[in-house]
Amino acid sequence: MPKKQIHLAAHFPGVNNTTVWSDPASGSHIEFESFRHFAQTAERAKFDFLFLAEGLRLREQGGRIYDLDVMGRPDNVAILQALAAVTDHIGLAGTVNSTFNEPLDVARKLATLDHLSGGRAAWNVVTSWDEFTGENFRRGGYLPKDKRYLRAQEMLATAQALWDSWPADEVLADAASGQFLRHGDAGRFAIRSDQFDISGRFPVPRSPQGRPVIIQAGDSEEGREFAASSADAIFTRHAELEAGQEFYADVKARLAKFGRRPEDLKILPAATFVLGDTEEEAAENARQVQYQQVGPATAIAFAEQVWNRDLSDVDPDGPVPSFDPKTEDDVDSGGHISKGRASVRMYRDPVATANEWRELGEREGLSLREVVIRKNGRHTFVGTPQRVADTIDEFVQSDASDGFVLVPHITPGGMDVFADQVVPLLQEKGSFRTEYEGTTLREHLGLAPSPTTVAAVSVEA
Amino acid sequence: MSQEPSLHLAIALDGTGWHPASWREPGARADELFTAGFWVDQVREAEAGLADLVTFEDSFALDGDRADRAQGRLDAQLVALRVGPVTSHIGLVPTVVTTHTEPFHVSTEIATLDFATTGRAGVRVRVSSRDEEYALFGRREAGAESRESLFDEAADHIEVQRRLWDSWEDDAEIRDAATGRFVDRDKLHYIDFEGGHFSVRGPSITPRPPQGQPLVSALAHVDVAYRLAARGADLVFVTPGGVGRDGPTGDAEAILRQVRAEEASVGRDGDPLHVLGDLLVVLDDSADAARARLARLDETDGSELRSDARILTGTATDVADVLASWHDAGLAGARLRPAVTAHDLPRITRELVPELQRRGLYRTAYDAATLRGHFGLARPADRYARV
């Protein structure tokens, strides 16, 4: 039996403290050359796809723009389209929010990306109800929280209906007979649902993949169901073996009720890595990166997200504050000190979190900054290239994942060492491609082709 | 210093060309209309002709339902982005419909185009007046708003794009390891735009693009559109000897007078609008041959070519004569719409351009690296920067 194949994605370093900008090797986060370098490295390493997150508003803390992390990024679908010009095989995946976009526009952009990349487009569908983000858009924070998944589901279903509205063989372009289309009104649709009431003709003929690859991120019950019903890949945070296996089994088991096979949905945890020539060197490198990721100011900022108050007087190299967090304004009330940052939702019980931090600091004699470093999360993979390759393969072969979305901590060269040192070892194991075999992202991911034709589209809720 | 040849040339790309039968012509590559190579080759041809820019037409809706006409359209901004990295000098100006899009998204997309081309991005704004486009979005009712209101919205759209481009000062990124600060947030600015159709808080997610302000343009046939251009654009395309929705548009002098009057009435400061005349061209070795070609195309399509712009059937010399006369009338140049791209675009780049060069009216090499540079426009100061 052939060995289960690993799928790898390269995530361009994001606007958070995982990305180290203070390192001398850190380059521009906005110039095209950085994106070109990163994309071409990932393609050289035969990765399945490149992934770019989306920015819709700069984060704030304490009523001011958060200034400690890398920030400033291009429109992600736009830069992916430009990268299609300097790559040939690698998939191009971008997050597009379902709340602050309209289905016709999103479906048209992704179909265009798919056409102009020869079938390499993917859409990470995310939801939002955030009024803070909404202040940059026409309707502001109009979407009630409980409607966000409904809107995302309807958005995706609508986009798929639009992509399916042109039969694959619709365009003849036969100059001799003078027939360009089989049907003069190709692409006609009418959709009426809770969120949308649209009709007319979708302007883009069917793209090479038919439907671009759909990605969903989310560990919630709703998120898992949404992914099982409609996604081709799911991004998760479960990059530990047992938790990964549990998540994997849970999500794959949900597919059957939607008439789908286990291989129709790829499970891809996010992962970071730090390499070294020896285990000791790798561990030391990892420690240094952690200290770069959580400088003194970042330690205070993270503590403020738990304490929900200004802690600028607190010494990051001193103990964890002895007083309790402010609890009257929670994240959803809009009164929280941190805005535009999903991770603060982790702190459901800030007093308990503060106690936990304080106990850890006292027990092990750690400063506030050291506690934050400990809590900031470990690197997923630390070790020699051989160790890292072994671990990745073990995860995939033991059904803890189908691969990983790797994010390096340095832009744009952070993936080079992985490409040069780890990928060849995965290839030696027979677990990772040595050449691209297909041309589309669907083929790279081993997904079934999209359904081919839907003649007349009419979705009624 | 040599005297700068002052005539500017834009090429208007629209599928296989502006004649509906163009897709059936030899070399039209209609079967490649939705591939990257089709667009890259067209833009490279225009770049070989040292054109200032190409525009990409766009509409969310399709034109008519005839199976014997080329139908289907890609997103113009993404076409420009796909072409950007494989061209080197030419400006890329996609059309954006202001009525149905988010100014925040458009601003960051155009800024991204400017980064991906290191300073060759522009945008052409278009107001939607087509019922079909409204139905595709289902957010507002077609015909419910006055033309003035829609043009005011377009002006607001431009204003938001521009404020967002300036919302990061050029030196906002400081990477100050001592304090741990990546940016100086005093150099990031809320734009706090409040308008009749939307309000936008800002700042942008994208740093200030290489040109500072990418070039903004509009096609205009009537006063309300000239006013929009006067308020927010750098460049306006007009149609001397053409026909707008309200009737004949007038000759170059008359249009220019209207444009300048609108500039005065809105109190425009800074650089005056660059005014380019649109011309749909059917080119051949002789005027007779060109007329015969147009007749043949019309017959193939079964109807006479109609256009808001003047249609010129003739030789490259005939076009050069028109452009020279427009130039004398005060226009900055022309935007040419090739009837059949496969045929007429090479005629422009290989016959018209050398003719203009012989007359000393046109550059013999690109002497600037940015689109603003092609028009002699300096990189503007940031409106939010404290001097």
# chains A, B, ... in the order shown; residues from 1 in each chain; ligands from 1
>>> closest_atom_pairs(of="chain B", to="chain A", cutoff="6 Å", atoms="only C-alpha atoms", output="tab-separated table")
residue	atom	partner	partner_atom	distance
B:Arg24	CA	A:Ala175	CA	4.5
B:Ala30	CA	A:Ala173	CA	5.8
B:Asp31	CA	A:Ala173	CA	5.3
B:Thr35	CA	A:Leu116	CA	5.6
B:Ala36	CA	A:Leu116	CA	4.9
B:Leu62	CA	A:Pro203	CA	5.9
B:Asp65	CA	A:Gly184	CA	4.5
B:Arg66	CA	A:Gly184	CA	4.7
B:Ala67	CA	A:Gly184	CA	3.9
B:Asp68	CA	A:Gln179	CA	4.6
B:Arg69	CA	A:Phe180	CA	5.9
B:Ala70	CA	A:Phe180	CA	5.7
B:Gly72	CA	A:Pro203	CA	5.1
B:Arg73	CA	A:Val204	CA	5.4
B:Leu74	CA	A:Thr112	CA	5.4
B:Leu81	CA	A:Ala82	CA	4.8
B:Arg82	CA	A:Ala82	CA	4.7
B:Thr108	CA	A:Asp75	CA	5.6
B:Glu109	CA	A:Asp75	CA	5.4
B:Thr112	CA	A:Pro74	CA	5.2
B:Ala116	CA	A:Phe32	CA	5.3
B:Ala135	CA	A:Ser199	CA	5.5
B:Leu136	CA	A:Ile198	CA	5.1
B:Phe137	CA	A:Ile198	CA	5.8
B:Gly138	CA	A:Ile198	CA	5.0
B:Gly180	CA	A:Leu68	CA	5.8
B:Arg181	CA	A:Leu68	CA	4.5
B:Phe182	CA	A:Leu68	CA	5.3
B:Val183	CA	A:Asp67	CA	5.4
B:Phe198	CA	A:Arg138	CA	4.9
B:Val200	CA	A:Asn136	CA	4.4
B:Arg201	CA	A:Asn136	CA	5.3
B:Ile205	CA	A:Gly72	CA	5.3
B:Thr206	CA	A:Gly72	CA	4.8
B:Pro207	CA	A:Gly72	CA	5.5
>>> write_last_selection(atoms="C-alpha atoms", output="PDB file, in the first residue's frame")
ATOM      1  CA  ARG B  24     -13.602  36.281 -34.775  1.00  0.00           C
ATOM      2  CA  ALA B  30     -10.687  34.378 -28.240  1.00  0.00           C
ATOM      3  CA  ASP B  31     -10.264  30.903 -26.806  1.00  0.00           C
ATOM      4  CA  THR B  35      -5.960  33.088 -19.535  1.00  0.00           C
ATOM      5  CA  ALA B  36      -3.047  35.091 -18.170  1.00  0.00           C
ATOM      6  CA  LEU B  62     -22.355  41.131 -18.943  1.00  0.00           C
ATOM      7  CA  ASP B  65     -27.191  37.797 -24.350  1.00  0.00           C
ATOM      8  CA  ARG B  66     -25.960  37.090 -27.860  1.00  0.00           C
ATOM      9  CA  ALA B  67     -24.222  33.733 -28.116  1.00  0.00           C
ATOM     10  CA  ASP B  68     -22.293  35.026 -31.149  1.00  0.00           C
ATOM     11  CA  ARG B  69     -20.547  37.727 -29.135  1.00  0.00           C
ATOM     12  CA  ALA B  70     -17.613  37.226 -26.774  1.00  0.00           C
ATOM     13  CA  GLY B  72     -17.470  36.753 -19.866  1.00  0.00           C
ATOM     14  CA  ARG B  73     -15.275  39.055 -17.871  1.00  0.00           C
ATOM     15  CA  LEU B  74     -12.502  38.717 -15.293  1.00  0.00           C
ATOM     16  CA  LEU B  81      -2.015  42.355 -10.766  1.00  0.00           C
ATOM     17  CA  ARG B  82      -1.304  39.276 -12.846  1.00  0.00           C
ATOM     18  CA  THR B 108      -5.711  48.412  -0.326  1.00  0.00           C
ATOM     19  CA  GLU B 109      -6.010  46.544  -3.627  1.00  0.00           C
ATOM     20  CA  THR B 112      -1.059  46.411  -3.465  1.00  0.00           C
ATOM     21  CA  ALA B 116       3.609  44.753  -6.930  1.00  0.00           C
ATOM     22  CA  ALA B 135     -29.425  43.137  -9.004  1.00  0.00           C
ATOM     23  CA  LEU B 136     -26.125  41.273  -8.721  1.00  0.00           C
ATOM     24  CA  PHE B 137     -25.509  42.916  -5.351  1.00  0.00           C
ATOM     25  CA  GLY B 138     -29.075  43.258  -4.123  1.00  0.00           C
ATOM     26  CA  GLY B 180      10.108  47.180  21.070  1.00  0.00           C
ATOM     27  CA  ARG B 181       8.055  49.349  18.738  1.00  0.00           C
ATOM     28  CA  PHE B 182       7.677  48.310  15.098  1.00  0.00           C
ATOM     29  CA  VAL B 183       5.834  51.474  14.090  1.00  0.00           C
ATOM     30  CA  PHE B 198     -20.424  55.236   4.051  1.00  0.00           C
ATOM     31  CA  VAL B 200     -14.585  54.745   7.162  1.00  0.00           C
ATOM     32  CA  ARG B 201     -12.398  54.975  10.252  1.00  0.00           C
ATOM     33  CA  ILE B 205      -3.866  47.993   6.705  1.00  0.00           C
ATOM     34  CA  THR B 206      -1.403  48.708   3.903  1.00  0.00           C
ATOM     35  CA  PRO B 207       1.520  51.119   4.214  1.00  0.00           C
TER      36      PRO B 207
END
>>> select_by_dssp(residues="segment 35-109 of chain A", states="strand (DSSP E or B)", output="ChimeraX atom specification")
/A:49-52,60-61,64-65,91-97
>>> write_last_selection(atoms="N, CA and C atoms", output="mmCIF file, in the first residue's frame")
data_model
loop_
_atom_site.group_PDB
_atom_site.id
_atom_site.type_symbol
_atom_site.label_atom_id
_atom_site.label_comp_id
_atom_site.auth_asym_id
_atom_site.auth_seq_id
_atom_site.Cartn_x
_atom_site.Cartn_y
_atom_site.Cartn_z
ATOM 1 N N PHE A 49 0.532 24.556 -1.032
ATOM 2 C CA PHE A 49 0.064 25.920 -1.277
ATOM 3 C C PHE A 49 0.687 26.929 -0.334
ATOM 4 N N LEU A 50 0.554 28.177 -0.783
ATOM 5 C CA LEU A 50 0.967 29.348 -0.034
ATOM 6 C C LEU A 50 -0.300 29.909 0.617
ATOM 7 N N PHE A 51 -0.176 30.380 1.850
ATOM 8 C CA PHE A 51 -1.357 30.917 2.522
ATOM 9 C C PHE A 51 -1.082 32.319 3.062
ATOM 10 N N LEU A 52 -2.017 33.216 2.787
ATOM 11 C CA LEU A 52 -1.940 34.571 3.323
ATOM 12 C C LEU A 52 -3.216 34.909 4.084
ATOM 13 N N GLU A 60 -5.780 47.408 18.161
ATOM 14 C CA GLU A 60 -5.577 48.474 19.143
ATOM 15 C C GLU A 60 -5.477 47.887 20.535
ATOM 16 N N GLN A 61 -4.808 48.598 21.379
ATOM 17 C CA GLN A 61 -4.795 48.245 22.795
ATOM 18 C C GLN A 61 -4.763 49.537 23.604
ATOM 19 N N ARG A 64 -5.258 52.787 21.655
ATOM 20 C CA ARG A 64 -4.272 53.240 20.662
ATOM 21 C C ARG A 64 -3.868 52.068 19.777
ATOM 22 N N ILE A 65 -3.351 52.386 18.607
ATOM 23 C CA ILE A 65 -2.910 51.345 17.685
ATOM 24 C C ILE A 65 -1.775 50.552 18.335
ATOM 25 N N GLY A 91 -0.208 26.242 -4.983
ATOM 26 C CA GLY A 91 -1.543 26.767 -4.733
ATOM 27 C C GLY A 91 -1.474 28.123 -4.051
ATOM 28 N N LEU A 92 -2.526 28.918 -4.225
ATOM 29 C CA LEU A 92 -2.544 30.293 -3.725
ATOM 30 C C LEU A 92 -3.808 30.483 -2.896
ATOM 31 N N ALA A 93 -3.646 30.493 -1.568
ATOM 32 C CA ALA A 93 -4.799 30.513 -0.674
ATOM 33 C C ALA A 93 -4.846 31.801 0.125
ATOM 34 N N GLY A 94 -6.029 32.387 0.189
ATOM 35 C CA GLY A 94 -6.187 33.611 0.962
ATOM 36 C C GLY A 94 -7.453 33.574 1.800
ATOM 37 N N THR A 95 -7.384 34.249 2.939
ATOM 38 C CA THR A 95 -8.563 34.418 3.769
ATOM 39 C C THR A 95 -9.406 35.553 3.202
ATOM 40 N N VAL A 96 -10.698 35.325 3.082
ATOM 41 C CA VAL A 96 -11.608 36.415 2.741
ATOM 42 C C VAL A 96 -12.808 36.327 3.675
ATOM 43 N N ASN A 97 -13.023 37.394 4.391
ATOM 44 C CA ASN A 97 -14.066 37.470 5.388
ATOM 45 C C ASN A 97 -15.447 37.476 4.738
#
>>> atom_distance(atom1="atom CA of Gly218 of chain A", atom2="atom CA of Arg287 of chain A")
29.1 Å
>>> atom_distance(atom1="atom CA of Pro412 of chain A", atom2="atom CA of Ile90 of chain A")
16.8 Å
>>> closest_residue(among="A:Glu280, A:Glu362, A:Thr439, A:Ser367", to="Asp317 of chain A", atoms="only C-alpha atoms")
A:Ser367
>>> residues_around(residues="Lys4 of chain A", least_positions_apart="2", cutoff="9 Å", atoms="only C-alpha atoms", output="short mmCIF file (atom, residue, chain, number, x, y, z; two decimals) with C-alpha atoms, in the first residue's frame")
data_model
loop_
_atom_site.label_atom_id
_atom_site.label_comp_id
_atom_site.auth_asym_id
_atom_site.auth_seq_id
_atom_site.Cartn_x
_atom_site.Cartn_y
_atom_site.Cartn_z
CA MET A 1 0.00 0.00 0.00
CA PRO A 2 1.43 3.41 -0.89
CA ILE A 6 2.00 14.73 3.63
CA VAL A 396 0.60 12.22 9.45
CA GLN A 397 1.09 8.45 9.46
CA ASP A 402 -2.85 15.27 6.90
CA GLY A 430 8.47 8.55 0.52
CA SER A 431 5.92 10.72 2.31
CA PHE A 432 6.22 13.90 0.27
#
>>> closest_residue(among="A:Val407, A:Ala25, A:Ala400, A:Ala107", to="Phe381 of chain A", atoms="only C-alpha atoms")
A:Val407
>>> closest_atom_pairs(of="segment 171-253 of chain A", to="segment 261-272 of chain A", cutoff="10 Å", atoms="only C-alpha atoms", output="CSV")
residue,atom,partner,partner_atom,distance
A:Ile214,CA,A:Leu265,CA,9.6
A:Ile215,CA,A:Lys266,CA,9.1
A:Gln216,CA,A:Ile267,CA,10.0
A:Ala217,CA,A:Leu268,CA,9.5
A:Ala227,CA,A:Leu265,CA,8.0
A:Ala228,CA,A:Leu265,CA,7.2
A:Ser229,CA,A:Leu265,CA,9.5
A:Ser230,CA,A:Leu265,CA,8.9
A:Ala231,CA,A:Leu265,CA,6.5
A:Asp232,CA,A:Leu265,CA,4.6
A:Ala233,CA,A:Lys266,CA,4.4
A:Ile234,CA,A:Ile267,CA,5.1
A:Phe235,CA,A:Leu268,CA,5.0
A:Thr236,CA,A:Pro269,CA,4.4
A:Arg237,CA,A:Pro269,CA,5.3
A:His238,CA,A:Pro269,CA,5.8
A:Ala239,CA,A:Pro269,CA,5.6
A:Glu240,CA,A:Pro269,CA,9.2
A:Gly244,CA,A:Pro269,CA,8.2
A:Phe247,CA,A:Ile267,CA,9.0
A:Tyr248,CA,A:Ile267,CA,6.9
A:Ala249,CA,A:Pro262,CA,9.6
A:Val251,CA,A:Ile267,CA,8.5
A:Lys252,CA,A:Pro262,CA,5.4
A:Ala253,CA,A:Pro262,CA,7.6
>>> residues_around(residues="segment 345-355 of chain A", least_positions_apart="6", cutoff="9 Å", atoms="only C-alpha atoms", output="compact mmCIF listing (two decimals) with N, CA and C atoms, in the first residue's frame")
# COMPACT_ATOMS: atom_id res chain seq x y z
N ALA A 303 0.10 40.81 29.28
CA ALA A 303 -0.49 40.82 30.62
C ALA A 303 -1.70 41.75 30.65
N GLN A 305 -3.74 42.25 28.33
CA GLN A 305 -4.88 41.59 27.69
C GLN A 305 -5.62 40.69 28.68
N VAL A 306 -4.90 40.16 29.68
CA VAL A 306 -5.55 39.36 30.71
C VAL A 306 -6.13 40.27 31.80
N TRP A 307 -5.31 41.22 32.24
CA TRP A 307 -5.73 42.09 33.36
C TRP A 307 -6.76 43.13 32.92
N ASN A 308 -6.80 43.35 31.59
CA ASN A 308 -7.74 44.30 31.01
C ASN A 308 -7.60 45.68 31.63
N VAL A 320 4.72 38.42 38.66
CA VAL A 320 3.37 38.59 38.10
C VAL A 320 2.58 39.47 39.08
N PRO A 321 1.81 40.45 38.57
CA PRO A 321 1.09 41.37 39.47
C PRO A 321 0.25 40.62 40.50
N SER A 322 0.22 41.18 41.71
CA SER A 322 -0.49 40.49 42.81
C SER A 322 -1.98 40.82 42.80
N PHE A 323 -2.36 41.87 42.09
CA PHE A 323 -3.78 42.25 42.09
C PHE A 323 -4.54 41.52 40.98
N ASP A 324 -5.87 41.53 41.07
CA ASP A 324 -6.70 40.79 40.12
C ASP A 324 -7.02 41.59 38.86
N PRO A 325 -7.30 40.90 37.78
CA PRO A 325 -7.74 41.58 36.55
C PRO A 325 -9.06 42.29 36.73
N LYS A 326 -9.29 43.26 35.87
CA LYS A 326 -10.56 43.96 35.81
C LYS A 326 -11.51 43.07 35.01
N THR A 327 -12.69 42.85 35.51
CA THR A 327 -13.56 41.89 34.83
C THR A 327 -14.87 42.48 34.33
N ASP A 330 -16.07 42.61 29.37
CA ASP A 330 -15.50 41.45 28.70
C ASP A 330 -15.29 41.77 27.22
N VAL A 331 -14.72 40.80 26.54
CA VAL A 331 -14.32 41.02 25.15
C VAL A 331 -15.51 41.39 24.27
N ASP A 332 -16.62 40.69 24.48
CA ASP A 332 -17.75 40.89 23.58
C ASP A 332 -18.51 42.19 23.84
>>> closest_residue(among="B:Pro214, B:Gly277, B:Gly242, B:Gly302", to="Leu92 of chain B", atoms="only C-alpha atoms")
B:Pro214
>>> residues_around(residues="Thr384 of chain A", least_positions_apart="2", cutoff="8 Å", atoms="only C-alpha atoms", output="list in words")
Leu275, Gly276, Asp277, Thr278, Glu279, Ala282, Val382, Gln386, Arg387 and Val388 of chain A
>>> write_last_selection(atoms="N, CA and C atoms", output="PDB file, in the first residue's frame")
ATOM      1  N   LEU A 275      15.022  24.975  13.955  1.00  0.00           N
ATOM      2  CA  LEU A 275      15.979  23.907  13.661  1.00  0.00           C
ATOM      3  C   LEU A 275      17.342  24.192  14.281  1.00  0.00           C
ATOM      4  N   GLY A 276      18.159  23.141  14.421  1.00  0.00           N
ATOM      5  CA  GLY A 276      19.546  23.285  14.868  1.00  0.00           C
ATOM      6  C   GLY A 276      20.323  22.067  14.394  1.00  0.00           C
ATOM      7  N   ASP A 277      21.642  22.187  14.404  1.00  0.00           N
ATOM      8  CA  ASP A 277      22.461  21.054  13.956  1.00  0.00           C
ATOM      9  C   ASP A 277      22.443  19.917  14.974  1.00  0.00           C
ATOM     10  N   THR A 278      22.230  20.293  16.240  1.00  0.00           N
ATOM     11  CA  THR A 278      22.072  19.279  17.284  1.00  0.00           C
ATOM     12  C   THR A 278      20.795  19.603  18.043  1.00  0.00           C
ATOM     13  N   GLU A 279      20.348  18.667  18.841  1.00  0.00           N
ATOM     14  CA  GLU A 279      19.151  18.922  19.647  1.00  0.00           C
ATOM     15  C   GLU A 279      19.383  20.098  20.598  1.00  0.00           C
ATOM     16  N   ALA A 282      19.320  23.373  18.727  1.00  0.00           N
ATOM     17  CA  ALA A 282      17.938  23.712  18.356  1.00  0.00           C
ATOM     18  C   ALA A 282      17.175  24.261  19.564  1.00  0.00           C
ATOM     19  N   VAL A 382      10.867  21.508  17.348  1.00  0.00           N
ATOM     20  CA  VAL A 382      12.204  21.987  17.673  1.00  0.00           C
ATOM     21  C   VAL A 382      13.141  20.795  17.595  1.00  0.00           C
ATOM     22  N   GLN A 386      16.366  16.052  10.979  1.00  0.00           N
ATOM     23  CA  GLN A 386      15.912  14.657  11.002  1.00  0.00           C
ATOM     24  C   GLN A 386      14.795  14.474  12.025  1.00  0.00           C
ATOM     25  N   ARG A 387      14.988  15.042  13.206  1.00  0.00           N
ATOM     26  CA  ARG A 387      13.976  14.919  14.255  1.00  0.00           C
ATOM     27  C   ARG A 387      12.648  15.544  13.807  1.00  0.00           C
ATOM     28  N   VAL A 388      12.746  16.720  13.198  1.00  0.00           N
ATOM     29  CA  VAL A 388      11.531  17.417  12.758  1.00  0.00           C
ATOM     30  C   VAL A 388      10.830  16.632  11.651  1.00  0.00           C
TER      31      VAL A 388
END
>>> atom_distance(atom1="atom CA of Ala389 of chain A", atom2="atom CA of Ala45 of chain A")
13.7 Å
>>> residues_around(residues="Trp168 of chain B", least_positions_apart="2", cutoff="10 Å", atoms="only C-alpha atoms", output="short mmCIF file (atom, residue, chain, number, x, y, z; two decimals) with N, CA and C atoms, in the first residue's frame")
data_model
loop_
_atom_site.label_atom_id
_atom_site.label_comp_id
_atom_site.auth_asym_id
_atom_site.auth_seq_id
_atom_site.Cartn_x
_atom_site.Cartn_y
_atom_site.Cartn_z
N GLY A 72 1.13 46.12 8.75
CA GLY A 72 1.16 46.62 7.39
C GLY A 72 1.27 45.45 6.44
N ARG B 163 -7.29 59.11 1.25
CA ARG B 163 -6.92 59.30 2.65
C ARG B 163 -6.25 58.04 3.20
N LEU B 164 -6.79 56.87 2.81
CA LEU B 164 -6.17 55.63 3.31
C LEU B 164 -4.74 55.48 2.80
N TRP B 165 -4.50 55.86 1.55
CA TRP B 165 -3.12 55.77 1.03
C TRP B 165 -2.16 56.63 1.86
N ASP B 166 -2.70 57.76 2.36
CA ASP B 166 -1.86 58.66 3.15
C ASP B 166 -1.87 58.34 4.65
N ASP B 170 5.25 57.92 5.37
CA ASP B 170 6.30 57.12 4.74
C ASP B 170 7.27 56.51 5.75
N ASP B 171 7.53 57.24 6.81
CA ASP B 171 8.51 56.73 7.78
C ASP B 171 7.83 56.21 9.05
N ALA B 172 6.62 55.66 8.88
CA ALA B 172 5.90 55.14 10.06
C ALA B 172 6.57 53.89 10.64
N GLU B 173 7.15 53.08 9.76
CA GLU B 173 7.81 51.85 10.24
C GLU B 173 9.18 52.22 10.78
N VAL B 183 6.25 50.24 14.76
CA VAL B 183 5.83 51.47 14.09
C VAL B 183 5.80 52.63 15.09
N ASP B 184 5.88 53.81 14.54
CA ASP B 184 5.62 55.02 15.33
C ASP B 184 4.14 55.35 15.11
N ARG B 185 3.31 55.04 16.10
CA ARG B 185 1.87 55.16 15.85
C ARG B 185 1.42 56.61 15.72
N ASP B 186 2.26 57.55 16.07
CA ASP B 186 1.91 58.95 15.79
C ASP B 186 1.94 59.23 14.29
N LYS B 187 2.53 58.31 13.54
CA LYS B 187 2.57 58.50 12.08
C LYS B 187 1.56 57.62 11.35
N LEU B 188 0.65 57.04 12.12
CA LEU B 188 -0.50 56.33 11.54
C LEU B 188 -1.73 57.15 11.87
N HIS B 189 -2.62 57.31 10.89
CA HIS B 189 -3.70 58.27 11.07
C HIS B 189 -5.08 57.68 10.79
N TYR B 190 -6.00 57.94 11.72
CA TYR B 190 -7.41 57.65 11.45
C TYR B 190 -7.85 58.63 10.38
N GLY B 202 -10.39 53.90 9.30
CA GLY B 202 -8.96 53.81 9.05
C GLY B 202 -8.19 53.43 10.29
N PRO B 203 -6.85 53.50 10.27
CA PRO B 203 -6.01 53.69 9.09
C PRO B 203 -6.09 52.49 8.15
N SER B 204 -5.39 52.57 7.03
CA SER B 204 -5.29 51.45 6.12
C SER B 204 -4.56 50.31 6.79
N ILE B 205 -4.73 49.10 6.27
CA ILE B 205 -3.87 47.99 6.71
C ILE B 205 -2.57 47.98 5.90
N THR B 206 -2.54 48.74 4.82
CA THR B 206 -1.40 48.71 3.90
C THR B 206 -0.61 50.00 4.02
N PRO B 207 0.71 49.90 4.15
CA PRO B 207 1.52 51.12 4.21
C PRO B 207 1.37 51.98 2.96
N ARG B 208 1.85 53.20 3.06
CA ARG B 208 1.74 54.13 1.92
C ARG B 208 2.43 53.53 0.71
N PRO B 209 1.72 53.48 -0.43
CA PRO B 209 2.28 52.82 -1.62
C PRO B 209 3.44 53.61 -2.22
N GLY B 212 2.98 57.00 -3.37
CA GLY B 212 2.28 57.87 -2.42
C GLY B 212 0.81 57.88 -2.75
N ASP B 382 2.57 63.65 2.08
CA ASP B 382 1.47 63.02 2.80
C ASP B 382 0.62 64.09 3.48
N TYR B 384 -1.19 64.00 5.94
CA TYR B 384 -1.23 63.96 7.40
C TYR B 384 0.12 64.28 8.05
N ALA B 385 1.17 64.37 7.23
CA ALA B 385 2.50 64.56 7.81
C ALA B 385 2.65 65.97 8.36
#
>>> closest_residue(among="A:Ser128, A:Gln209, A:Ser26, A:Thr434", to="Trp163 of chain A", atoms="only C-alpha atoms")
A:Gln209
>>> closest_residue(among="A:Gly383, A:Arg151, A:Asp219, A:Gln293", to="Glu281 of chain A", atoms="only C-alpha atoms")
A:Gly383
